[in-house]
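Undergrad: Let me begin by handing over the structure; questions about it come next.
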Protein chains: 2
Amino acid sequence: MSGRIFNFSAGPATLPLSVLETIQAEMLDYKGQGMSLIEMSHRSKTFDALTVESEALVREICGFSEDFQTLFVQGGATGQFAAVPLNLSLEGKVGEYVNTGSWANKAFKEAKQLGYAAREVASSADTNHDHIPSGLKPGRDAAYFHVTSNNTIFGTQFQDFPETGDVPLVVDMSSDFYCKRIDPGQFGLIYAGAQKNAGPSGVTIVVIRKDLLERSPKSIPSIFNYKTFAEKNSLYNTPNTFGIYVVNLVMKWIRDQGGIDIVEKANRAKAKTLYDAIDGTGFYKAHAREDSRSLMNVTWRLPSEDLEKKFVSEALENDLSGLKGHRSVGGIRASIYNAMPAAGVEALVGFMREFERKNG
Amino acid sequence: MSGRIFNFSAGPATLPLSVLETIQAEMLDYKGQGMSLIEMSHRSKTFDALTVESEALVREICGFSEDFQTLFVQGGATGQFAAVPLNLSLEGKVGEYVNTGSWANKAFKEAKQLGYAAREVASSADTNHDHIPSGLKPGRDAAYFHVTSNNTIFGTQFQDFPETGDVPLVVDMSSDFYCKRIDPGQFGLIYAGAQKNAGPSGVTIVVIRKDLLERSPKSIPSIFNYKTFAEKNSLYNTPNTFGIYVVNLVMKWIRDQGGIDIVEKANRAKAKTLYDAIDGTGFYKAHAREDSRSLMNVTWRLPSEDLEKKFVSEALENDLSGLKGHRSVGGIRASIYNAMPAAGVEALVGFMREFERKNG
């Protein structure tokens, strides 16, 4: 671990050290195959087995049955902003979107840009997205109901998902994928760029309820077609093989430490440590409302922008990196994804106390 | 190098050992940053500099001026089959396609599937794609002229590109990207999935003549919009950071051994060794016509399918892997990309002689 620092970047983000060590150990020769995983045909038995295993691992961590299928695609959440209306829109119906931040709004705007009927049903824009709107429910003419489960920039997170009945709930889970137990029965489709909680950038995880695959029209770009990818178990074309490999390792890292409940417990403890440190002083001020706070991205302000700059810069000198908040909120953002060890949060809190003592 | 075998897979494919060793050495700590490259924000100064450098490196290897721009996108050639008509189609004009094999045909079919005017202007299908059609030129109503420079499955390659005048020549160069010097002035757009000659899978290289960026309409999926990606220097959304990093290392590997002419010379020598071994006997029979042979994928048959199976299986016992031909051609295919050392081709030719001696 020599030389490694605590990396609070919002994404791409810190990965489990043991996963990096495995990648490193296998880089020249993957499991005695005489070549690197990244040199291996995606049509080989070895890689096919890895994909089949990864498809199941992703489902099983949160108990998704075979009524669902995991797809590994490319293009990140931005690709999915197009793929969702392309695949799931229905003649005469409307895609519904909840605007809880920049990325949620981009999803909505992409659907409109492509010419689909789309509607913003609620927004937290008037208070700079410091909360998750309540009382959400789909309209009668909804084709699907889209929410962004965690808002990386603003540090807010759905504590519970809306009940959407027969309308498929579509969730961009890029920044809180598998940070806590979720109930499979609630979802029509989940998508997540892997680069925050599940792997490297360049691979996107989709978990889709299989009946929705029947909606995919043939006239859309093949690379976006959920049904095509489902039929080929994500090997319609050459996937990001390295990305699937690392997601596989991260899923096993979750499983092998005891599963999602253990990960959730650790995340709640880390977040509590950090929010307590913020709330326990008048020097730091949290951005997100208490009922909407994210377990993954913690956002707060200091008394002045000068102090915020100083905080970020001195933190880096103390091997705490990536703490500058997004310009939409300002201040500080600490991203404490699954792979951030408790020691990282403790080091940050220690630094915060010391910084307040000197500058408060 | 202990344990490594010669990997003739068509892609993902063998990479330079020195590149893999660099990835391995930097996996836990990228250049003293205290984190892996794959954990690093794509908005960091370090990664931004890497992207800027990689954009230029890709152009400079073959002398593309600043009239061109390199983009790093996701989705492979399959994504580009959609992106090309989405970005480059023109009202009242037709996308023209040359059908030299399965992938060329897929590009054509994707344009049709999306509802664009597209026309097949020549085909080698009647002789199972054993050659590149000659006398190619665009029609007066062509929006662009699309060719697949190298046909991985059939082992054929354009020796020279057609003159297309004012009509932009669009080339899928996935399987022979930078295997030899090319003349920048001939191209409107080049695209290449990196996983054969330029890096790992999951990153796609696009080199586009900048004036063509003006064709991109706003109403297409953002993830496919060349203009959007050009304006953001490929960082519109989170790219495949690992992929760009490895492409950067592979471009430096080309540059540092003396550049594209040195690589071309080595490739011509390797291909000659292998074709000579095939032609020098009645036992082996090349699939591709002599005037259309690929420097990258060499395809040939044996006297019987049983012997072909035996060849592939015994080759693997001799640490020569990935030699089974594609089912469309049958027989043997040896992919000898830039990173395949001459020693690999020599070992293969030695094995071929021994195999013929025993079974001929």
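Simple scheme: letters A, B, ... for chains in structure tokens order, numbers from 1 for residues in each chain, numbers from 1 for ligands in the order shown.
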Show which residues sit within 8 Å of Thr156 (chain B), as a ChimeraX atom specification. Count only C-alpha atoms, and ignore same-chain residues fewer than 2 positions away.
TA: /B:129-132,150-152,154,158,288-289,292-294,297
Undergrad: Could you pull out the strand (DSSP E) residues of region 42-238 of chain A from DSSP and send them as a PDB file with N, CA, C and O atoms, in the first residue's frame?
TA:
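That gives us part27.pdb:
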ATOM      1  N   PHE A  68     -34.852 -11.344 -14.335  1.00  0.00           N
ATOM      2  CA  PHE A  68     -34.025 -10.203 -14.743  1.00  0.00           C
ATOM      3  C   PHE A  68     -32.801 -10.714 -15.490  1.00  0.00           C
ATOM      4  O   PHE A  68     -32.421 -11.872 -15.361  1.00  0.00           O
ATOM      5  N   GLN A  69     -32.166  -9.810 -16.230  1.00  0.00           N
ATOM      6  CA  GLN A  69     -30.912 -10.171 -16.888  1.00  0.00           C
ATOM      7  C   GLN A  69     -29.941  -9.000 -16.776  1.00  0.00           C
ATOM      8  O   GLN A  69     -30.327  -7.834 -16.948  1.00  0.00           O
ATOM      9  N   THR A  70     -28.700  -9.325 -16.480  1.00  0.00           N
ATOM     10  CA  THR A  70     -27.652  -8.316 -16.481  1.00  0.00           C
ATOM     11  C   THR A  70     -27.087  -8.188 -17.883  1.00  0.00           C
ATOM     12  O   THR A  70     -26.784  -9.193 -18.525  1.00  0.00           O
ATOM     13  N   LEU A  71     -26.938  -6.962 -18.349  1.00  0.00           N
ATOM     14  CA  LEU A  71     -26.253  -6.705 -19.617  1.00  0.00           C
ATOM     15  C   LEU A  71     -25.019  -5.860 -19.333  1.00  0.00           C
ATOM     16  O   LEU A  71     -25.047  -4.991 -18.456  1.00  0.00           O
ATOM     17  N   PHE A  72     -23.960  -6.109 -20.073  1.00  0.00           N
ATOM     18  CA  PHE A  72     -22.781  -5.257 -19.996  1.00  0.00           C
ATOM     19  C   PHE A  72     -22.678  -4.515 -21.317  1.00  0.00           C
ATOM     20  O   PHE A  72     -22.493  -5.141 -22.370  1.00  0.00           O
ATOM     21  N   VAL A  73     -22.823  -3.210 -21.259  1.00  0.00           N
ATOM     22  CA  VAL A  73     -22.813  -2.415 -22.486  1.00  0.00           C
ATOM     23  C   VAL A  73     -21.749  -1.323 -22.377  1.00  0.00           C
ATOM     24  O   VAL A  73     -21.007  -1.257 -21.400  1.00  0.00           O
ATOM     25  N   VAL A  94     -45.780   8.515 -22.438  1.00  0.00           N
ATOM     26  CA  VAL A  94     -44.782   9.546 -22.150  1.00  0.00           C
ATOM     27  C   VAL A  94     -43.735   9.003 -21.182  1.00  0.00           C
ATOM     28  O   VAL A  94     -44.080   8.345 -20.196  1.00  0.00           O
ATOM     29  N   GLY A  95     -42.468   9.275 -21.442  1.00  0.00           N
ATOM     30  CA  GLY A  95     -41.425   8.961 -20.476  1.00  0.00           C
ATOM     31  C   GLY A  95     -41.418  10.020 -19.379  1.00  0.00           C
ATOM     32  O   GLY A  95     -41.340  11.209 -19.671  1.00  0.00           O
ATOM     33  N   GLU A  96     -41.511   9.592 -18.134  1.00  0.00           N
ATOM     34  CA  GLU A  96     -41.563  10.561 -17.027  1.00  0.00           C
ATOM     35  C   GLU A  96     -40.224  10.608 -16.297  1.00  0.00           C
ATOM     36  O   GLU A  96     -39.611   9.567 -16.024  1.00  0.00           O
ATOM     37  N   TYR A  97     -39.811  11.818 -15.950  1.00  0.00           N
ATOM     38  CA  TYR A  97     -38.490  12.042 -15.348  1.00  0.00           C
ATOM     39  C   TYR A  97     -38.604  12.914 -14.102  1.00  0.00           C
ATOM     40  O   TYR A  97     -39.321  13.915 -14.101  1.00  0.00           O
ATOM     41  N   VAL A  98     -37.858  12.538 -13.077  1.00  0.00           N
ATOM     42  CA  VAL A  98     -37.745  13.351 -11.864  1.00  0.00           C
ATOM     43  C   VAL A  98     -36.408  14.077 -11.916  1.00  0.00           C
ATOM     44  O   VAL A  98     -35.361  13.447 -12.044  1.00  0.00           O
ATOM     45  N   ASN A  99     -36.461  15.398 -11.807  1.00  0.00           N
ATOM     46  CA  ASN A  99     -35.247  16.208 -11.919  1.00  0.00           C
ATOM     47  C   ASN A  99     -34.649  16.488 -10.541  1.00  0.00           C
ATOM     48  O   ASN A  99     -35.036  17.422  -9.851  1.00  0.00           O
ATOM     49  N   ALA A 118     -41.578  13.236 -23.495  1.00  0.00           N
ATOM     50  CA  ALA A 118     -40.973  13.123 -22.166  1.00  0.00           C
ATOM     51  C   ALA A 118     -41.494  14.267 -21.302  1.00  0.00           C
ATOM     52  O   ALA A 118     -41.790  15.350 -21.806  1.00  0.00           O
ATOM     53  N   ARG A 119     -41.611  14.015 -20.017  1.00  0.00           N
ATOM     54  CA  ARG A 119     -42.218  14.986 -19.107  1.00  0.00           C
ATOM     55  C   ARG A 119     -41.436  15.009 -17.802  1.00  0.00           C
ATOM     56  O   ARG A 119     -41.086  13.958 -17.267  1.00  0.00           O
ATOM     57  N   GLU A 120     -41.147  16.203 -17.318  1.00  0.00           N
ATOM     58  CA  GLU A 120     -40.551  16.333 -15.982  1.00  0.00           C
ATOM     59  C   GLU A 120     -41.687  16.368 -14.976  1.00  0.00           C
ATOM     60  O   GLU A 120     -42.524  17.266 -15.027  1.00  0.00           O
ATOM     61  N   VAL A 121     -41.716  15.409 -14.070  1.00  0.00           N
ATOM     62  CA  VAL A 121     -42.864  15.317 -13.145  1.00  0.00           C
ATOM     63  C   VAL A 121     -42.593  15.959 -11.796  1.00  0.00           C
ATOM     64  O   VAL A 121     -43.523  16.211 -11.025  1.00  0.00           O
ATOM     65  N   ALA A 122     -41.336  16.197 -11.488  1.00  0.00           N
ATOM     66  CA  ALA A 122     -41.002  16.851 -10.215  1.00  0.00           C
ATOM     67  C   ALA A 122     -39.572  17.347 -10.318  1.00  0.00           C
ATOM     68  O   ALA A 122     -38.785  16.816 -11.111  1.00  0.00           O
ATOM     69  N   SER A 123     -39.250  18.365  -9.528  1.00  0.00           N
ATOM     70  CA  SER A 123     -37.906  18.919  -9.584  1.00  0.00           C
ATOM     71  C   SER A 123     -37.508  19.488  -8.225  1.00  0.00           C
ATOM     72  O   SER A 123     -38.350  19.993  -7.474  1.00  0.00           O
ATOM     73  N   ALA A 142     -47.862   7.057 -18.471  1.00  0.00           N
ATOM     74  CA  ALA A 142     -46.400   6.935 -18.402  1.00  0.00           C
ATOM     75  C   ALA A 142     -45.921   5.646 -19.073  1.00  0.00           C
ATOM     76  O   ALA A 142     -46.446   4.562 -18.810  1.00  0.00           O
ATOM     77  N   ALA A 143     -44.906   5.774 -19.931  1.00  0.00           N
ATOM     78  CA  ALA A 143     -44.264   4.594 -20.535  1.00  0.00           C
ATOM     79  C   ALA A 143     -43.261   3.990 -19.556  1.00  0.00           C
ATOM     80  O   ALA A 143     -43.070   2.778 -19.495  1.00  0.00           O
ATOM     81  N   TYR A 144     -42.628   4.872 -18.805  1.00  0.00           N
ATOM     82  CA  TYR A 144     -41.696   4.461 -17.750  1.00  0.00           C
ATOM     83  C   TYR A 144     -41.503   5.662 -16.836  1.00  0.00           C
ATOM     84  O   TYR A 144     -41.888   6.794 -17.180  1.00  0.00           O
ATOM     85  N   PHE A 145     -40.924   5.412 -15.658  1.00  0.00           N
ATOM     86  CA  PHE A 145     -40.738   6.466 -14.662  1.00  0.00           C
ATOM     87  C   PHE A 145     -39.255   6.466 -14.297  1.00  0.00           C
ATOM     88  O   PHE A 145     -38.755   5.495 -13.728  1.00  0.00           O
ATOM     89  N   HIS A 146     -38.553   7.535 -14.655  1.00  0.00           N
ATOM     90  CA  HIS A 146     -37.087   7.555 -14.542  1.00  0.00           C
ATOM     91  C   HIS A 146     -36.624   8.402 -13.353  1.00  0.00           C
ATOM     92  O   HIS A 146     -37.007   9.566 -13.225  1.00  0.00           O
ATOM     93  N   VAL A 147     -35.813   7.821 -12.503  1.00  0.00           N
ATOM     94  CA  VAL A 147     -35.186   8.599 -11.422  1.00  0.00           C
ATOM     95  C   VAL A 147     -33.682   8.332 -11.386  1.00  0.00           C
ATOM     96  O   VAL A 147     -33.200   7.307 -11.876  1.00  0.00           O
ATOM     97  N   THR A 148     -32.968   9.272 -10.819  1.00  0.00           N
ATOM     98  CA  THR A 148     -31.528   9.149 -10.594  1.00  0.00           C
ATOM     99  C   THR A 148     -31.372   8.894  -9.097  1.00  0.00           C
ATOM    100  O   THR A 148     -31.646   9.779  -8.289  1.00  0.00           O
ATOM    101  N   ASN A 150     -29.036   8.545  -6.962  1.00  0.00           N
ATOM    102  CA  ASN A 150     -28.072   9.286  -6.143  1.00  0.00           C
ATOM    103  C   ASN A 150     -27.514  10.408  -7.005  1.00  0.00           C
ATOM    104  O   ASN A 150     -27.183  10.198  -8.166  1.00  0.00           O
ATOM    105  N   ASN A 151     -27.446  11.599  -6.429  1.00  0.00           N
ATOM    106  CA  ASN A 151     -27.008  12.750  -7.200  1.00  0.00           C
ATOM    107  C   ASN A 151     -25.612  13.146  -6.751  1.00  0.00           C
ATOM    108  O   ASN A 151     -25.428  13.835  -5.741  1.00  0.00           O
ATOM    109  N   THR A 156     -27.292  14.096  -2.748  1.00  0.00           N
ATOM    110  CA  THR A 156     -28.592  13.611  -2.283  1.00  0.00           C
ATOM    111  C   THR A 156     -28.845  12.211  -2.829  1.00  0.00           C
ATOM    112  O   THR A 156     -28.260  11.807  -3.840  1.00  0.00           O
ATOM    113  N   GLN A 157     -29.742  11.501  -2.166  1.00  0.00           N
ATOM    114  CA  GLN A 157     -30.000  10.105  -2.536  1.00  0.00           C
ATOM    115  C   GLN A 157     -31.431   9.735  -2.163  1.00  0.00           C
ATOM    116  O   GLN A 157     -31.920  10.147  -1.097  1.00  0.00           O
ATOM    117  N   LEU A 169     -40.186   1.194 -13.257  1.00  0.00           N
ATOM    118  CA  LEU A 169     -39.279   2.165 -12.634  1.00  0.00           C
ATOM    119  C   LEU A 169     -37.896   1.978 -13.258  1.00  0.00           C
ATOM    120  O   LEU A 169     -37.338   0.869 -13.236  1.00  0.00           O
ATOM    121  N   VAL A 170     -37.375   3.050 -13.830  1.00  0.00           N
ATOM    122  CA  VAL A 170     -36.055   3.024 -14.469  1.00  0.00           C
ATOM    123  C   VAL A 170     -35.127   3.890 -13.625  1.00  0.00           C
ATOM    124  O   VAL A 170     -35.427   5.056 -13.367  1.00  0.00           O
ATOM    125  N   VAL A 171     -34.017   3.314 -13.189  1.00  0.00           N
ATOM    126  CA  VAL A 171     -33.157   4.022 -12.240  1.00  0.00           C
ATOM    127  C   VAL A 171     -31.719   4.116 -12.740  1.00  0.00           C
ATOM    128  O   VAL A 171     -31.081   3.102 -13.017  1.00  0.00           O
ATOM    129  N   ASP A 172     -31.252   5.346 -12.842  1.00  0.00           N
ATOM    130  CA  ASP A 172     -29.825   5.574 -13.049  1.00  0.00           C
ATOM    131  C   ASP A 172     -29.150   5.446 -11.687  1.00  0.00           C
ATOM    132  O   ASP A 172     -29.270   6.318 -10.832  1.00  0.00           O
ATOM    133  N   LEU A 189     -35.835  -1.432 -14.715  1.00  0.00           N
ATOM    134  CA  LEU A 189     -34.493  -1.376 -15.294  1.00  0.00           C
ATOM    135  C   LEU A 189     -33.588  -0.508 -14.410  1.00  0.00           C
ATOM    136  O   LEU A 189     -33.991   0.555 -13.952  1.00  0.00           O
ATOM    137  N   ILE A 190     -32.396  -1.018 -14.181  1.00  0.00           N
ATOM    138  CA  ILE A 190     -31.352  -0.262 -13.484  1.00  0.00           C
ATOM    139  C   ILE A 190     -30.188  -0.125 -14.453  1.00  0.00           C
ATOM    140  O   ILE A 190     -29.862  -1.076 -15.164  1.00  0.00           O
ATOM    141  N   TYR A 191     -29.574   1.039 -14.487  1.00  0.00           N
ATOM    142  CA  TYR A 191     -28.302   1.124 -15.219  1.00  0.00           C
ATOM    143  C   TYR A 191     -27.289   1.884 -14.388  1.00  0.00           C
ATOM    144  O   TYR A 191     -27.638   2.684 -13.523  1.00  0.00           O
ATOM    145  N   ALA A 192     -26.022   1.569 -14.636  1.00  0.00           N
ATOM    146  CA  ALA A 192     -24.957   2.193 -13.857  1.00  0.00           C
ATOM    147  C   ALA A 192     -23.651   2.157 -14.624  1.00  0.00           C
ATOM    148  O   ALA A 192     -23.177   1.081 -15.000  1.00  0.00           O
ATOM    149  N   GLY A 193     -23.091   3.329 -14.891  1.00  0.00           N
ATOM    150  CA  GLY A 193     -21.699   3.373 -15.303  1.00  0.00           C
ATOM    151  C   GLY A 193     -20.903   2.770 -14.153  1.00  0.00           C
ATOM    152  O   GLY A 193     -21.134   3.123 -12.996  1.00  0.00           O
ATOM    153  N   THR A 204     -20.791  -0.389 -18.701  1.00  0.00           N
ATOM    154  CA  THR A 204     -22.041   0.042 -18.102  1.00  0.00           C
ATOM    155  C   THR A 204     -22.868  -1.189 -17.774  1.00  0.00           C
ATOM    156  O   THR A 204     -23.040  -2.068 -18.629  1.00  0.00           O
ATOM    157  N   ILE A 205     -23.329  -1.245 -16.549  1.00  0.00           N
ATOM    158  CA  ILE A 205     -24.142  -2.381 -16.113  1.00  0.00           C
ATOM    159  C   ILE A 205     -25.614  -2.027 -16.305  1.00  0.00           C
ATOM    160  O   ILE A 205     -26.053  -0.952 -15.895  1.00  0.00           O
ATOM    161  N   VAL A 206     -26.361  -2.926 -16.939  1.00  0.00           N
ATOM    162  CA  VAL A 206     -27.810  -2.780 -17.059  1.00  0.00           C
ATOM    163  C   VAL A 206     -28.434  -4.022 -16.442  1.00  0.00           C
ATOM    164  O   VAL A 206     -28.009  -5.138 -16.743  1.00  0.00           O
ATOM    165  N   VAL A 207     -29.394  -3.836 -15.547  1.00  0.00           N
ATOM    166  CA  VAL A 207     -30.174  -4.972 -15.051  1.00  0.00           C
ATOM    167  C   VAL A 207     -31.611  -4.713 -15.486  1.00  0.00           C
ATOM    168  O   VAL A 207     -32.211  -3.718 -15.079  1.00  0.00           O
ATOM    169  N   ILE A 208     -32.132  -5.579 -16.327  1.00  0.00           N
ATOM    170  CA  ILE A 208     -33.447  -5.331 -16.933  1.00  0.00           C
ATOM    171  C   ILE A 208     -34.398  -6.491 -16.648  1.00  0.00           C
ATOM    172  O   ILE A 208     -33.992  -7.659 -16.655  1.00  0.00           O
ATOM    173  N   ARG A 209     -35.653  -6.139 -16.353  1.00  0.00           N
ATOM    174  CA  ARG A 209     -36.691  -7.164 -16.180  1.00  0.00           C
ATOM    175  C   ARG A 209     -36.996  -7.703 -17.568  1.00  0.00           C
ATOM    176  O   ARG A 209     -37.284  -6.943 -18.489  1.00  0.00           O
TER     177      ARG A 209
END
Undergrad: Using only C-alpha atoms, determine which residues lie at most 8 Å from region 177-185 of chain B, disregarding the query and same-chain residues fewer than 6 positions distant; provide the list as a list in words.
TA: Cys62, Gly63, Phe64, Ala192, Asn197, Ala198, Ile260, Asp261, Val263, Glu264, Asn267, Leu295, Met296, Tyr337 and Asn338 of chain B
Undergrad: Can you tell me, as a list in words, what residues are no more than 6 Å from region 36-53 of chain B when counting only C-alpha atoms, ignoring any on the same chain fewer than 4 positions away?
TA: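 Counting only the stated atoms, we get Gly11, Pro12, Ala13, Thr14 and Pro200 of chain A; Met27, Leu28, Asp29, Tyr30 and Phe242 of chain B.
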Undergrad: Nearest residue to chain B out of A:Val246, A:Ile254, A:Leu88, A:Met352, using only C-alpha atoms?
TA: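 Looking only at the distances to chain B, the closest residue turns out to be A:Val246.
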Undergrad: As a PyMOL selection string, which residues of region 151-244 of chain B does DSSP assign to alpha helix (DSSP H)?
TA: chain B and resi 226-231+241-244
Undergrad: Using all heavy atoms, can you export the residues from the last selection as a compact mmCIF listing (two decimals), in the first residue's frame?
TA:
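So the final result, stored in again.txt, reads:
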# COMPACT_ATOMS: atom_id res chain seq x y z
N TYR B 226 -20.20 13.27 -33.15
CA TYR B 226 -18.77 13.57 -33.35
C TYR B 226 -18.44 15.01 -32.95
O TYR B 226 -17.40 15.27 -32.35
CB TYR B 226 -18.39 13.38 -34.83
CG TYR B 226 -18.44 11.96 -35.34
CD1 TYR B 226 -18.93 11.69 -36.62
CD2 TYR B 226 -17.97 10.90 -34.58
CE1 TYR B 226 -18.96 10.39 -37.12
CE2 TYR B 226 -18.01 9.59 -35.08
CZ TYR B 226 -18.50 9.35 -36.35
OH TYR B 226 -18.53 8.07 -36.85
N LYS B 227 -19.33 15.93 -33.30
CA LYS B 227 -19.04 17.34 -33.01
C LYS B 227 -18.96 17.58 -31.50
O LYS B 227 -18.05 18.26 -31.02
CB LYS B 227 -20.12 18.23 -33.64
CG LYS B 227 -19.77 19.70 -33.57
CD LYS B 227 -20.77 20.58 -34.29
CE LYS B 227 -20.25 22.01 -34.32
NZ LYS B 227 -21.28 22.94 -34.76
N THR B 228 -19.91 17.01 -30.78
CA THR B 228 -19.91 17.14 -29.32
C THR B 228 -18.62 16.58 -28.73
O THR B 228 -18.00 17.20 -27.85
CB THR B 228 -21.12 16.38 -28.74
OG1 THR B 228 -22.31 16.96 -29.28
CG2 THR B 228 -21.16 16.43 -27.23
N PHE B 229 -18.22 15.42 -29.20
CA PHE B 229 -17.00 14.80 -28.67
C PHE B 229 -15.76 15.60 -29.06
O PHE B 229 -14.81 15.70 -28.28
CB PHE B 229 -16.90 13.33 -29.10
CG PHE B 229 -17.59 12.42 -28.12
CD1 PHE B 229 -18.96 12.48 -27.97
CD2 PHE B 229 -16.87 11.56 -27.31
CE1 PHE B 229 -19.62 11.68 -27.03
CE2 PHE B 229 -17.50 10.75 -26.37
CZ PHE B 229 -18.88 10.81 -26.24
N ALA B 230 -15.76 16.16 -30.26
CA ALA B 230 -14.62 16.96 -30.70
C ALA B 230 -14.49 18.21 -29.85
O ALA B 230 -13.39 18.57 -29.41
CB ALA B 230 -14.78 17.32 -32.18
N GLU B 231 -15.62 18.86 -29.57
CA GLU B 231 -15.58 20.09 -28.76
C GLU B 231 -15.06 19.83 -27.35
O GLU B 231 -14.45 20.70 -26.74
CB GLU B 231 -16.99 20.70 -28.69
CG GLU B 231 -17.38 21.42 -29.98
CD GLU B 231 -18.86 21.78 -30.04
OE1 GLU B 231 -19.62 21.38 -29.13
OE2 GLU B 231 -19.27 22.45 -31.01
N THR B 241 -11.24 5.22 -19.58
CA THR B 241 -9.93 5.80 -19.24
C THR B 241 -8.81 4.77 -19.40
O THR B 241 -7.73 5.10 -19.91
CB THR B 241 -9.91 6.40 -17.82
OG1 THR B 241 -10.27 5.38 -16.87
CG2 THR B 241 -10.89 7.55 -17.70
N PHE B 242 -9.06 3.55 -18.98
CA PHE B 242 -8.05 2.50 -19.14
C PHE B 242 -7.73 2.30 -20.62
O PHE B 242 -6.57 2.18 -21.02
CB PHE B 242 -8.55 1.19 -18.53
CG PHE B 242 -7.62 0.03 -18.69
CD1 PHE B 242 -6.47 -0.07 -17.90
CD2 PHE B 242 -7.87 -0.97 -19.62
CE1 PHE B 242 -5.60 -1.15 -18.05
CE2 PHE B 242 -7.01 -2.05 -19.76
CZ PHE B 242 -5.87 -2.14 -18.98
N GLY B 243 -8.77 2.31 -21.45
CA GLY B 243 -8.57 2.11 -22.89
C GLY B 243 -7.70 3.19 -23.51
O GLY B 243 -6.79 2.91 -24.29
N ILE B 244 -7.99 4.44 -23.17
CA ILE B 244 -7.19 5.55 -23.72
C ILE B 244 -5.73 5.44 -23.26
O ILE B 244 -4.79 5.64 -24.03
CB ILE B 244 -7.81 6.90 -23.31
CG1 ILE B 244 -9.18 7.07 -23.98
CG2 ILE B 244 -6.88 8.07 -23.68
CD1 ILE B 244 -9.96 8.30 -23.53
Undergrad: Would you pick out the contacts of Lys310 (chain B) at 12 Å or less, using only C-alpha atoms, so that residues sharing its chain but fewer than 2 positions from it are not included, and give the list as a compact mmCIF listing (two decimals) with N, CA and C atoms, in the first residue's frame?
TA:
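Generated output (out.txt):
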# COMPACT_ATOMS: atom_id res chain seq x y z
N LEU B 302 -6.61 -26.66 -45.24
CA LEU B 302 -5.83 -27.89 -45.32
C LEU B 302 -6.63 -28.88 -46.18
N PRO B 303 -6.07 -30.02 -46.51
CA PRO B 303 -6.80 -30.93 -47.41
C PRO B 303 -8.15 -31.42 -46.87
N SER B 304 -8.33 -31.46 -45.55
CA SER B 304 -9.62 -31.92 -45.02
C SER B 304 -9.94 -31.19 -43.72
N GLU B 305 -11.22 -31.19 -43.38
CA GLU B 305 -11.62 -30.56 -42.12
C GLU B 305 -11.04 -31.28 -40.91
N ASP B 306 -10.90 -32.59 -41.03
CA ASP B 306 -10.31 -33.35 -39.93
C ASP B 306 -8.87 -32.90 -39.68
N LEU B 307 -8.13 -32.71 -40.77
CA LEU B 307 -6.75 -32.25 -40.62
C LEU B 307 -6.71 -30.84 -40.04
N GLU B 308 -7.68 -30.03 -40.42
CA GLU B 308 -7.73 -28.67 -39.88
C GLU B 308 -7.95 -28.68 -38.37
N VAL B 312 -5.25 -27.27 -35.52
CA VAL B 312 -5.55 -26.28 -34.47
C VAL B 312 -5.24 -26.86 -33.10
N SER B 313 -5.61 -28.09 -32.91
CA SER B 313 -5.44 -28.69 -31.58
C SER B 313 -3.96 -28.97 -31.27
N GLU B 314 -3.21 -29.46 -32.26
CA GLU B 314 -1.78 -29.71 -32.02
C GLU B 314 -0.98 -28.40 -31.92
N ALA B 315 -1.43 -27.40 -32.67
CA ALA B 315 -0.77 -26.09 -32.56
C ALA B 315 -0.88 -25.57 -31.12
N LEU B 316 -2.07 -25.71 -30.55
CA LEU B 316 -2.28 -25.23 -29.18
C LEU B 316 -1.36 -25.96 -28.20
N GLU B 317 -1.17 -27.27 -28.44
CA GLU B 317 -0.23 -28.02 -27.58
C GLU B 317 1.19 -27.46 -27.71
N LEU B 323 -5.92 -20.23 -33.60
CA LEU B 323 -5.70 -20.43 -35.05
C LEU B 323 -6.92 -20.96 -35.81
N LYS B 324 -7.99 -21.23 -35.11
CA LYS B 324 -9.17 -21.75 -35.81
C LYS B 324 -9.78 -20.68 -36.70
N GLY B 331 -11.15 -23.71 -42.01
CA GLY B 331 -9.70 -23.79 -42.05
C GLY B 331 -9.02 -23.02 -40.94
N ILE B 332 -7.91 -22.40 -41.32
CA ILE B 332 -7.01 -21.78 -40.35
C ILE B 332 -6.98 -20.27 -40.58
N MET B 352 4.03 -25.65 -38.94
CA MET B 352 3.34 -26.02 -40.19
C MET B 352 4.16 -27.06 -40.98
N PHE B 355 3.98 -30.33 -39.22
CA PHE B 355 2.64 -30.91 -39.35
C PHE B 355 2.46 -31.53 -40.74
N GLU B 356 2.95 -30.82 -41.75
CA GLU B 356 2.83 -31.35 -43.12
C GLU B 356 3.67 -32.63 -43.28
N LYS B 358 4.33 -34.86 -41.11
CA LYS B 358 3.68 -35.99 -40.46
C LYS B 358 2.37 -36.39 -41.14
N ASN B 359 1.67 -35.38 -41.72
CA ASN B 359 0.31 -35.64 -42.20
C ASN B 359 0.13 -35.46 -43.70
Undergrad: With only C-alpha atoms as the atoms that count, which of A:His326, A:Lys265, A:Lys210, A:Lys270 lies nearest to chain B?
TA: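 Using only C-alpha atoms, the shortest distance to chain B belongs to A:His326.
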Undergrad: Identify which of the residues B:Phe161, B:Phe224, B:Phe187, B:Phe8 lies closest to Gln80 (chain B), counting only C-alpha atoms when measuring atom-to-atom distances.
TA: B:Phe224
